[in-house]
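Asker: File protein-v4.cif follows (mmCIF, C-alpha atoms):
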```
data_input
#
loop_
_atom_site.label_atom_id
_atom_site.label_comp_id
_atom_site.auth_asym_id
_atom_site.auth_seq_id
_atom_site.Cartn_x
_atom_site.Cartn_y
_atom_site.Cartn_z
CA MET A 650 86.28 61.78 123.02
CA PRO A 651 89.29 62.64 120.83
CA ARG A 652 89.40 66.12 119.40
CA ARG A 653 89.59 66.55 115.65
CA VAL A 654 90.20 69.49 113.37
CA HIS A 655 89.04 69.75 109.77
CA PHE A 656 91.09 71.99 107.46
CA THR A 657 89.11 73.71 104.73
CA PHE A 658 92.13 75.33 103.08
CA ASP A 659 94.96 73.92 100.98
CA ILE A 660 97.13 72.24 103.60
CA ALA A 661 100.00 71.93 101.10
CA GLN A 662 100.39 75.70 101.30
CA ASN A 663 99.90 75.86 105.08
CA VAL A 664 101.83 72.95 106.56
CA SER A 665 103.15 75.07 109.41
CA ALA A 666 99.64 76.17 110.35
CA GLY A 667 98.46 72.57 110.28
CA VAL A 668 101.27 71.45 112.58
CA PHE A 669 100.50 74.30 114.99
CA TYR A 670 96.76 73.51 115.21
CA GLN A 671 97.40 69.81 115.56
CA GLU A 672 99.91 70.32 118.36
CA ALA A 673 97.66 72.82 120.16
CA LEU A 674 94.75 70.39 120.11
CA LYS A 675 97.00 67.54 121.20
CA ARG A 676 98.19 69.56 124.21
CA ASP A 677 94.66 70.74 125.06
CA LEU A 678 95.45 74.47 124.68
CA PRO A 679 91.98 75.98 124.11
CA ARG A 680 92.84 79.71 124.08
CA LEU A 681 94.21 81.34 120.93
CA LEU A 682 95.63 84.87 120.82
CA THR A 683 96.68 86.50 117.53
CA GLU A 684 98.75 89.62 116.88
CA GLY A 685 100.93 91.19 114.22
CA TRP A 686 103.27 94.15 113.94
CA PRO A 687 106.06 95.54 111.71
CA THR A 688 109.56 94.35 112.65
CA THR A 689 113.10 94.34 111.33
CA ALA A 690 114.19 91.48 113.62
CA LYS A 691 115.00 88.01 112.30
CA LEU A 692 113.73 84.63 113.48
CA ASP A 693 116.23 82.39 115.28
CA GLU A 694 116.04 78.73 114.30
CA SER A 695 117.57 77.51 117.55
CA GLY A 696 114.96 76.15 119.93
CA ALA A 697 112.21 75.94 117.30
CA ILE A 698 110.26 72.67 117.27
CA TRP A 699 109.24 73.33 113.66
CA TRP A 700 111.04 75.50 111.12
CA SER A 701 109.78 76.31 107.63
CA VAL A 702 111.25 78.60 104.99
CA GLU A 703 108.60 79.59 102.45
CA PRO A 704 108.48 81.99 99.46
CA HIS A 705 106.57 84.58 101.49
CA GLY A 706 108.61 84.32 104.72
CA THR A 707 109.80 82.07 107.54
CA THR A 708 107.64 80.28 110.09
CA ALA A 709 108.69 78.74 113.41
CA LEU A 710 106.77 76.85 116.09
CA MET A 711 108.13 77.71 119.51
CA GLU A 712 107.72 76.47 123.07
CA LEU A 713 106.94 79.36 125.41
CA SER A 714 106.64 79.88 129.14
CA ALA A 715 103.75 78.42 131.12
CA GLY A 716 103.36 75.61 128.59
CA SER A 717 102.06 77.83 125.78
CA LEU A 718 102.83 77.31 122.10
CA ALA A 719 103.49 79.96 119.43
CA SER A 720 103.38 79.98 115.65
CA VAL A 721 105.56 82.88 114.47
CA HIS A 722 105.67 83.97 110.84
CA VAL A 723 108.10 86.69 109.69
CA GLY A 724 107.96 88.02 106.16
CA PHE A 725 107.94 91.29 104.18
CA GLY A 726 108.88 93.31 107.26
CA ASN A 727 105.98 92.05 109.41
CA VAL A 728 105.50 89.35 112.04
CA PHE A 729 102.24 87.46 112.63
CA VAL A 730 101.99 85.52 115.87
CA GLN A 731 99.48 82.99 117.19
CA VAL A 732 99.81 81.85 120.79
CA ALA A 733 97.84 78.84 122.06
CA ALA A 734 97.62 78.41 125.83
CA SER A 735 95.52 76.89 128.57
CA ASP A 736 94.11 80.27 129.66
CA ILE A 737 94.09 83.91 128.62
CA GLU A 738 96.73 84.99 131.14
CA SER A 739 99.21 82.41 129.85
CA ALA A 740 98.48 83.44 126.26
CA GLN A 741 99.21 87.08 127.10
CA LEU A 742 102.48 86.15 128.82
CA GLY A 743 103.47 84.11 125.79
CA MET A 744 102.72 87.01 123.45
CA GLU A 745 104.88 89.30 125.59
CA GLU A 746 107.67 86.76 125.31
CA VAL A 747 107.48 86.86 121.50
CA ARG A 748 107.37 90.69 121.52
CA LYS A 749 110.72 90.72 123.32
CA LEU A 750 112.23 88.36 120.74
CA LEU A 751 110.85 90.29 117.77
CA PRO A 752 110.30 93.92 118.85
CA ARG A 753 108.17 96.33 116.87
CA ALA A 754 110.08 98.43 114.33
CA GLN A 755 110.39 101.99 115.58
CA GLN A 756 111.26 105.32 114.06
CA ASP A 757 114.98 105.90 114.58
CA ARG A 758 117.01 109.07 115.05
CA GLU A 759 117.64 109.47 111.33
CA GLY A 760 113.95 109.71 110.53
CA ARG A 761 113.17 106.22 109.29
CA VAL A 762 109.54 105.13 109.52
CA PRO A 763 108.09 101.63 108.94
CA VAL A 764 105.43 101.59 106.23
CA THR A 765 103.19 98.64 105.36
CA PHE A 766 102.49 98.15 101.65
CA TRP A 767 99.40 96.11 100.76
CA SER A 768 98.64 94.20 97.57
CA TYR A 769 96.25 91.42 96.64
CA SER A 770 98.06 88.18 95.79
CA PRO A 771 96.81 84.75 94.68
CA HIS A 772 96.82 83.86 98.40
CA GLY A 773 94.76 86.89 99.43
CA PRO A 774 95.74 90.25 100.97
CA MET A 775 99.52 90.42 101.38
CA PRO A 776 101.34 93.02 103.53
CA MET A 777 104.98 93.93 102.91
CA GLY A 778 106.93 96.14 105.29
CA ARG A 779 109.59 98.68 104.35
CA THR A 780 111.42 101.21 106.46
CA LEU A 781 111.67 104.49 104.58
CA SER A 782 113.84 107.54 105.14
CA VAL A 783 111.50 110.48 105.58
CA PRO A 784 112.07 114.24 106.03
CA GLU A 785 110.89 116.49 108.83
CA TRP A 786 108.11 118.87 107.89
CA SER A 787 110.21 121.84 109.01
CA GLU A 788 112.83 120.87 106.43
CA ILE A 789 110.50 120.83 103.43
CA SER A 790 107.75 123.32 104.35
CA PRO A 791 109.48 126.17 102.42
CA ASN A 792 108.88 124.11 99.25
CA TYR A 793 105.15 124.89 99.30
CA ALA A 794 103.05 127.93 98.52
CA PRO A 795 101.58 129.57 101.66
CA GLU A 796 98.04 128.53 100.65
CA THR A 797 99.23 124.92 100.71
CA ARG A 798 101.80 125.12 103.51
CA ASN A 799 99.47 126.55 106.15
CA PRO A 800 96.79 123.80 106.06
CA LEU A 801 99.55 121.18 105.74
CA THR A 802 101.14 122.52 108.93
CA HIS A 803 97.83 122.13 110.78
CA LEU A 804 97.59 118.59 109.46
CA MET A 805 101.17 117.69 110.43
CA GLU A 806 100.46 118.90 113.96
CA GLY A 807 97.42 116.64 114.21
CA ASP A 808 94.82 119.40 114.08
CA LEU A 809 91.87 117.16 113.16
CA PRO A 810 88.52 116.19 114.67
CA TRP A 811 89.66 112.67 115.53
CA ARG A 812 87.09 110.04 114.74
CA GLY A 813 87.42 106.90 112.65
CA GLY A 814 86.85 106.94 108.93
CA GLN A 815 87.87 110.53 108.15
CA LEU A 816 88.87 111.40 104.61
CA ILE A 817 91.92 113.54 103.86
CA LEU A 818 91.96 114.76 100.27
CA TRP A 819 95.08 116.15 98.60
CA HIS A 820 94.65 117.36 95.04
CA GLY A 821 96.76 119.30 92.58
CA GLU A 822 98.66 118.83 89.37
CA THR A 823 101.59 116.45 89.05
CA GLY A 824 104.85 117.72 90.51
CA THR A 825 103.43 119.95 93.25
CA GLY A 826 104.97 117.88 96.08
CA LYS A 827 102.18 115.58 97.29
CA THR A 828 104.42 112.52 97.62
CA THR A 829 107.12 114.46 99.49
CA ALA A 830 104.48 115.75 101.91
CA LEU A 831 103.26 112.16 102.39
CA ARG A 832 106.71 111.12 103.55
CA ALA A 833 106.85 114.00 106.01
CA LEU A 834 103.37 113.20 107.32
CA ALA A 835 104.45 109.61 108.03
CA ARG A 836 107.27 110.96 110.18
CA GLU A 837 105.27 113.63 112.01
CA TRP A 838 102.53 111.14 112.91
CA ALA A 839 104.85 108.19 113.64
CA SER A 840 104.24 108.26 117.40
CA TRP A 841 100.50 107.62 117.11
CA CYS A 842 99.65 106.58 113.55
CA GLU A 843 100.91 103.78 111.28
CA PRO A 844 100.97 104.36 107.50
CA HIS A 845 99.48 101.64 105.27
CA TYR A 846 99.98 102.15 101.54
CA ILE A 847 97.49 100.46 99.17
CA ILE A 848 99.41 99.53 96.01
CA ASP A 849 96.37 98.37 94.00
CA PRO A 850 93.39 100.56 95.00
CA GLU A 851 91.36 99.29 92.03
CA LYS A 852 91.38 95.84 93.67
CA PHE A 853 91.01 97.24 97.17
CA PHE A 854 87.68 98.83 96.22
CA GLY A 855 86.87 96.25 93.55
CA GLU A 856 85.08 92.92 93.61
CA ARG A 857 87.21 91.36 96.38
CA SER A 858 85.59 92.82 99.48
CA ASP A 859 87.74 90.53 101.65
CA TYR A 860 90.74 92.66 100.67
CA MET A 861 89.30 95.87 102.07
CA LEU A 862 87.88 94.21 105.17
CA SER A 863 91.14 92.43 105.98
CA VAL A 864 93.08 95.70 105.87
CA ILE A 865 90.67 97.97 107.73
CA LEU A 866 89.88 95.39 110.42
CA GLN A 867 93.51 94.29 110.82
CA ASN A 868 93.99 95.81 114.26
CA GLU A 869 90.45 95.31 115.51
CA MET A 870 89.29 92.83 118.13
CA TYR A 871 85.73 92.09 119.09
CA PHE A 872 84.71 94.27 122.03
CA ASP A 873 81.55 94.35 124.11
CA GLU A 874 81.11 98.05 124.86
CA GLU A 875 78.24 97.36 127.26
CA GLY A 876 80.17 95.23 129.76
CA GLY A 877 78.83 95.22 133.26
CA ASP A 878 81.98 96.74 134.76
CA GLY A 879 82.21 99.54 132.21
CA GLU A 880 85.40 98.11 130.76
CA GLU A 881 85.84 96.76 127.26
CA SER A 882 85.79 92.97 127.33
CA VAL A 883 87.70 91.10 124.66
CA THR A 884 86.34 87.97 123.00
CA PHE A 885 89.25 85.58 122.55
CA SER A 886 89.36 82.56 120.30
CA THR A 887 88.56 79.30 122.06
CA VAL A 888 87.93 75.61 121.41
CA HIS A 889 84.67 73.79 121.94
CA GLY A 890 84.16 70.13 121.13
CA GLY A 891 87.27 69.94 119.00
CA MET A 892 86.39 72.98 116.81
CA TRP A 893 88.30 76.26 116.72
CA ALA A 894 86.04 79.26 117.21
CA VAL A 895 88.15 81.79 115.32
CA PRO A 896 87.05 85.14 113.81
CA PRO A 897 87.22 85.38 110.00
CA HIS A 898 90.67 86.18 108.61
CA PHE A 899 92.10 85.64 112.09
CA SER A 900 95.63 85.64 110.72
CA MET A 901 95.15 89.27 109.74
CA ILE A 902 93.52 90.38 113.01
CA GLN A 903 95.76 91.98 115.59
CA SER A 904 94.79 92.46 119.20
CA GLY A 905 96.93 95.53 119.78
CA GLN A 906 98.26 95.87 123.31
CA ILE A 907 96.39 92.99 124.95
CA GLY A 908 96.99 92.96 128.65
CA GLN A 909 98.09 96.62 128.64
CA SER A 910 94.85 98.53 129.13
CA SER A 911 96.68 101.82 129.56
CA ALA A 912 98.11 101.70 126.03
CA GLU A 913 95.90 103.17 123.32
CA PRO A 914 95.95 101.27 120.00
CA LYS A 915 97.57 103.25 117.22
CA TRP A 916 95.60 104.90 114.48
CA ARG A 917 96.19 103.78 110.91
CA LEU A 918 96.47 105.94 107.82
CA LEU A 919 95.36 104.26 104.58
CA ILE A 920 97.20 105.94 101.69
CA LEU A 921 95.84 105.80 98.16
CA GLU A 922 97.97 107.76 95.68
CA ASP A 923 96.78 109.00 92.29
CA THR A 924 93.27 107.64 92.78
CA GLY A 925 91.34 110.25 90.85
CA GLU A 926 89.47 107.72 88.72
CA LEU A 927 88.00 106.23 91.90
CA LEU A 928 86.62 109.62 92.95
CA ALA A 929 85.52 110.87 89.54
CA ALA A 930 81.97 112.07 88.99
CA ASP A 931 81.28 108.97 86.86
CA ALA A 932 82.98 106.61 89.33
CA ARG A 933 79.97 104.30 89.51
CA LEU A 934 80.29 103.63 85.79
CA GLN A 935 84.06 103.14 85.93
CA ALA A 936 84.52 101.21 89.14
CA GLY A 937 81.18 99.59 89.95
CA GLN A 938 80.56 99.72 93.69
CA GLY A 939 84.04 101.08 94.45
CA LEU A 940 82.75 104.54 95.32
CA SER A 941 80.03 103.20 97.63
CA ARG A 942 82.51 101.01 99.49
CA PHE A 943 84.92 103.90 99.75
CA LEU A 944 82.28 106.14 101.34
CA ASN A 945 81.37 103.38 103.79
CA VAL A 946 84.99 103.17 104.89
CA VAL A 947 85.19 106.94 105.34
CA ASP A 948 82.07 107.59 107.41
CA GLY A 949 79.60 104.75 106.95
CA LEU A 950 78.79 101.64 108.93
CA ILE A 951 82.07 99.86 108.11
CA GLY A 952 84.20 102.74 109.36
CA GLN A 953 82.17 103.40 112.50
CA GLY A 954 84.46 103.52 115.53
CA LEU A 955 87.61 102.48 113.67
CA ARG A 956 90.85 104.33 114.30
CA ILE A 957 91.38 104.81 110.58
CA LEU A 958 92.09 107.84 108.43
CA VAL A 959 92.01 107.61 104.63
CA LEU A 960 94.33 109.87 102.64
CA VAL A 961 93.70 110.13 98.91
CA THR A 962 95.87 112.04 96.47
CA THR A 963 94.71 112.89 92.99
CA ASN A 964 95.86 115.00 90.05
CA GLU A 965 92.23 115.65 89.11
CA GLU A 966 90.67 119.08 89.50
CA LEU A 967 88.24 119.22 92.40
CA GLY A 968 85.37 120.03 90.05
CA ALA A 969 85.89 116.71 88.27
CA LEU A 970 85.43 114.72 91.48
CA HIS A 971 82.19 113.15 92.64
CA PRO A 972 80.23 115.74 94.70
CA ALA A 973 79.72 113.21 97.51
CA ILE A 974 83.48 113.06 98.13
CA ALA A 975 84.28 116.61 99.20
CA ARG A 976 81.08 117.52 101.02
CA PRO A 977 81.43 119.07 104.51
CA GLY A 978 81.59 116.50 107.29
CA ARG A 979 83.24 113.88 105.09
CA CYS A 980 86.55 115.59 104.36
CA ALA A 981 88.59 116.27 107.49
CA ALA A 982 91.14 118.06 105.32
CA ASN A 983 90.83 119.20 101.71
CA ILE A 984 94.15 120.64 100.55
CA LEU A 985 94.99 122.02 97.11
CA PHE A 986 98.66 121.74 96.17
CA ARG A 987 99.38 124.92 94.24
CA ARG A 988 102.23 126.03 92.04
CA ILE A 989 104.86 128.23 93.68
CA ALA A 990 104.67 131.94 92.91
CA PRO A 991 107.65 133.49 91.02
CA GLU A 992 108.79 135.57 94.01
CA GLN A 993 108.90 132.54 96.35
CA ALA A 994 110.47 130.36 93.65
CA ASN A 995 113.27 132.87 92.98
CA GLU A 996 113.94 133.18 96.72
CA TRP A 997 114.07 129.36 96.88
CA LEU A 998 116.67 129.33 94.07
CA ARG A 999 118.75 132.07 95.72
CA SER A 1000 118.83 130.08 98.97
CA ARG A 1001 120.61 127.37 96.94
CA ASN A 1002 123.05 129.86 95.40
CA ASP A 1003 121.37 129.54 92.02
CA GLU A 1004 121.19 132.73 89.92
CA LYS A 1005 118.46 131.47 87.59
CA THR A 1006 115.01 133.08 87.85
CA VAL A 1007 111.47 132.26 86.81
CA SER A 1008 108.70 134.62 85.76
CA GLU A 1009 105.62 132.39 86.09
CA PRO A 1010 104.19 130.11 88.81
CA ILE A 1011 106.07 126.82 88.79
CA THR A 1012 105.70 123.31 90.24
CA LEU A 1013 108.12 122.00 92.84
CA ALA A 1014 109.34 119.28 90.45
CA ALA A 1015 110.17 121.85 87.77
CA LEU A 1016 111.92 124.03 90.36
CA TYR A 1017 114.17 121.14 91.36
CA ALA A 1018 114.78 120.48 87.67
CA ILE A 1019 116.07 124.03 87.26
CA ALA A 1020 118.21 123.87 90.39
CA GLU A 1021 119.79 120.54 89.45
CA GLY A 1022 120.10 121.10 85.72
CA TRP A 1023 117.53 118.53 84.64
CA ASP A 1024 115.60 118.74 81.40
CA ALA A 1025 112.23 120.49 81.55
CA VAL A 1026 110.54 117.13 80.96
CA ALA A 1027 110.83 116.70 84.73
CA GLU A 1028 107.61 118.74 84.88
CA ARG A 1029 105.78 115.60 83.76
CA GLN A 1030 107.60 113.07 85.93
CA ALA A 1031 105.76 111.29 88.74
CA LEU A 1032 107.55 110.29 91.95
CA GLY A 1033 106.39 107.21 93.91
CA PHE A 1034 105.95 106.86 97.66
CA GLY A 1035 108.06 103.70 97.90
#
```
I need this file expressed as structure tokens, please.
Answerer:
Amino acid sequence: MPRRVHFTFDIAQNVSAGVFYQEALKRDLPRLLTEGWPTTAKLDESGAIWWSVEPHGTTALMELSAGSLASVHVGFGNVFVQVAASDIESAQLGMEEVRKLLPRAQQDREGRVPVTFWSYSPHGPMPMGRTLSVPEWSEISPNYAPETRNPLTHLMEGDLPWRGGQLILWHGETGTGKTTALRALAREWASWCEPHYIIDPEKFFGERSDYMLSVILQNEMYFDEEGGDGEESVTFSTVHGGMWAVPPHFSMIQSGQIGQSSAEPKWRLLILEDTGELLAADARLQAGQGLSRFLNVVDGLIGQGLRILVLVTTNEELGALHPAIARPGRCAANILFRRIAPEQANEWLRSRNDEKTVSEPITLAALYAIAEGWDAVAERQALGFG
């Protein structure tokens, strides 16, 4: 009986995917393995049996070892790979082959860290990768008041009760150095945690629940924790009677280090800057169910067992936030970014051979404005993460 596949999406926008599925069915390759990772490598057209340049990236269909087939999409600093093969072992070998061609972007000696930026597009959740230059914490720690620097140091060193769904709350007035500390945190945690920056948090926690689920479940596979041998058993995609049995949003699901049981999947840090309105005491009136969904990600059913930390920065005073946000057991770290005392600020200026002095507590942004001769309006300027 011939196998058939029925596409329920707009094939005009997914020709490459259609060719891949058709060819996999034609070759009787019933195992499908999906992964994705940040990369700075480029696709090579030579050897591709299908090549497509699209507005959101480049896609190639490639012949791999052991008769497997791969659909490789590179765009916005990320690669998404689907490998179809006759069995799981061949699929894993094929994925390893693609990893060698398009290696994961790594932090380099100059302190550059890959960051994934998420936004919701007309085609659904869209990741875009950038590699940012980031400072070491030891370089910038003198820029913070001791009451802020000490808990930040514990955080940079990974001093947290590690469990999925923990909330990290940074609050303080504009210009106190929250964004600069974010950059340093991305560098200090680069070996075990990947930063994911949510550009449009109002949509992330809004009506489109598929946005939030696609991001938080991006690296998750389906595991049976009660396997008979005590090991986690992975449920791979397969084909039965001509139909693909594929988890929802499979193109966004990554299997981590499949075939490398000794490698622990990385944690992910979801970053939401200037999100005070989401956490306000009247958040239910302003953002509908946004607050409820947020709390479920942090320590509810959705976040259970996920290697996810959520870092929120806000300029709001803590008293203006919803009481459910900062309660004990929900916040793994609650750090107030304070102004710098006059004595520390004047010492900071002297270390830069600047003879100016201040007599009142001052923000870091205003201190830089004095040191570099900017207008005092810098006190009100906001600096972005990207």
Asker: Taking all atoms of stretch 674-691 of chain A that the file lists and extending 5 Å past them on each side, where is the centre of the axis-aligned box and how long are its edges? Answer in Å to one decimal, as lines of an AutoDock Vina configuration file.
Answerer:
```
center_x = 103.5
center_y = 81.5
center_z = 118.2
size_x = 33.0
size_y = 38.0
size_z = 23.7
```
Asker: Just give me the gap between atom CA of A:Ile957 and atom CA of A:Gln867 in Å, one decimal is fine.
Answerer: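 Rounded to one decimal, the two atoms are 10.7 Å apart.
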Asker: Report the residues retrieved by the PyMOL selection byres ((chain A and resi 723) around 10) from the displayed file, expressed as a PDB file with C-alpha atoms, keeping the file's coordinate frame.
Answerer:
```pdb
ATOM      1  CA  GLY A 685     100.930  91.190 114.220  1.00  0.00           C
ATOM      2  CA  TRP A 686     103.270  94.150 113.940  1.00  0.00           C
ATOM      3  CA  PRO A 687     106.060  95.540 111.710  1.00  0.00           C
ATOM      4  CA  THR A 688     109.560  94.350 112.650  1.00  0.00           C
ATOM      5  CA  THR A 689     113.100  94.340 111.330  1.00  0.00           C
ATOM      6  CA  ALA A 690     114.190  91.480 113.620  1.00  0.00           C
ATOM      7  CA  LYS A 691     115.000  88.010 112.300  1.00  0.00           C
ATOM      8  CA  LEU A 692     113.730  84.630 113.480  1.00  0.00           C
ATOM      9  CA  VAL A 702     111.250  78.600 104.990  1.00  0.00           C
ATOM     10  CA  HIS A 705     106.570  84.580 101.490  1.00  0.00           C
ATOM     11  CA  GLY A 706     108.610  84.320 104.720  1.00  0.00           C
ATOM     12  CA  THR A 707     109.800  82.070 107.540  1.00  0.00           C
ATOM     13  CA  THR A 708     107.640  80.280 110.090  1.00  0.00           C
ATOM     14  CA  ALA A 709     108.690  78.740 113.410  1.00  0.00           C
ATOM     15  CA  VAL A 721     105.560  82.880 114.470  1.00  0.00           C
ATOM     16  CA  HIS A 722     105.670  83.970 110.840  1.00  0.00           C
ATOM     17  CA  GLY A 724     107.960  88.020 106.160  1.00  0.00           C
ATOM     18  CA  PHE A 725     107.940  91.290 104.180  1.00  0.00           C
ATOM     19  CA  GLY A 726     108.880  93.310 107.260  1.00  0.00           C
ATOM     20  CA  ASN A 727     105.980  92.050 109.410  1.00  0.00           C
ATOM     21  CA  VAL A 728     105.500  89.350 112.040  1.00  0.00           C
ATOM     22  CA  PHE A 729     102.240  87.460 112.630  1.00  0.00           C
ATOM     23  CA  VAL A 730     101.990  85.520 115.870  1.00  0.00           C
ATOM     24  CA  LEU A 751     110.850  90.290 117.770  1.00  0.00           C
TER      25      LEU A 751
END
```
Asker: Using the chain letters and numbers from the file, give me the residues hit by the PyMOL selection byres ((chain A and resi 860) around 10), as number ranges by chain.
Answerer: A: 767-770, 773-775, 852-859, 861-865
Asker: Which residue gives the smallest distance to A:Ser1000 among A:Ile984, A:Met711, A:Ala1020, A:Leu718, with only C-alpha atoms counted?
Answerer: A:Ala1020
Asker: Would you mind reading off the distance between atom CA of A:Pro850 and atom CA of A:Val783, one decimal, in Å?
Answerer: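 Interatomic distance, atom CA of A:Pro850 to atom CA of A:Val783: 23.2 Å.
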Asker: Please enumerate the residues selected by the PyMOL selection byres ((chain A and resi 719) around 8) when evaluated against the supplied file, formatted as an MDAnalysis selection string.
Answerer: chainID A and resid 669 710:713 717:718 720:721 730:733 743
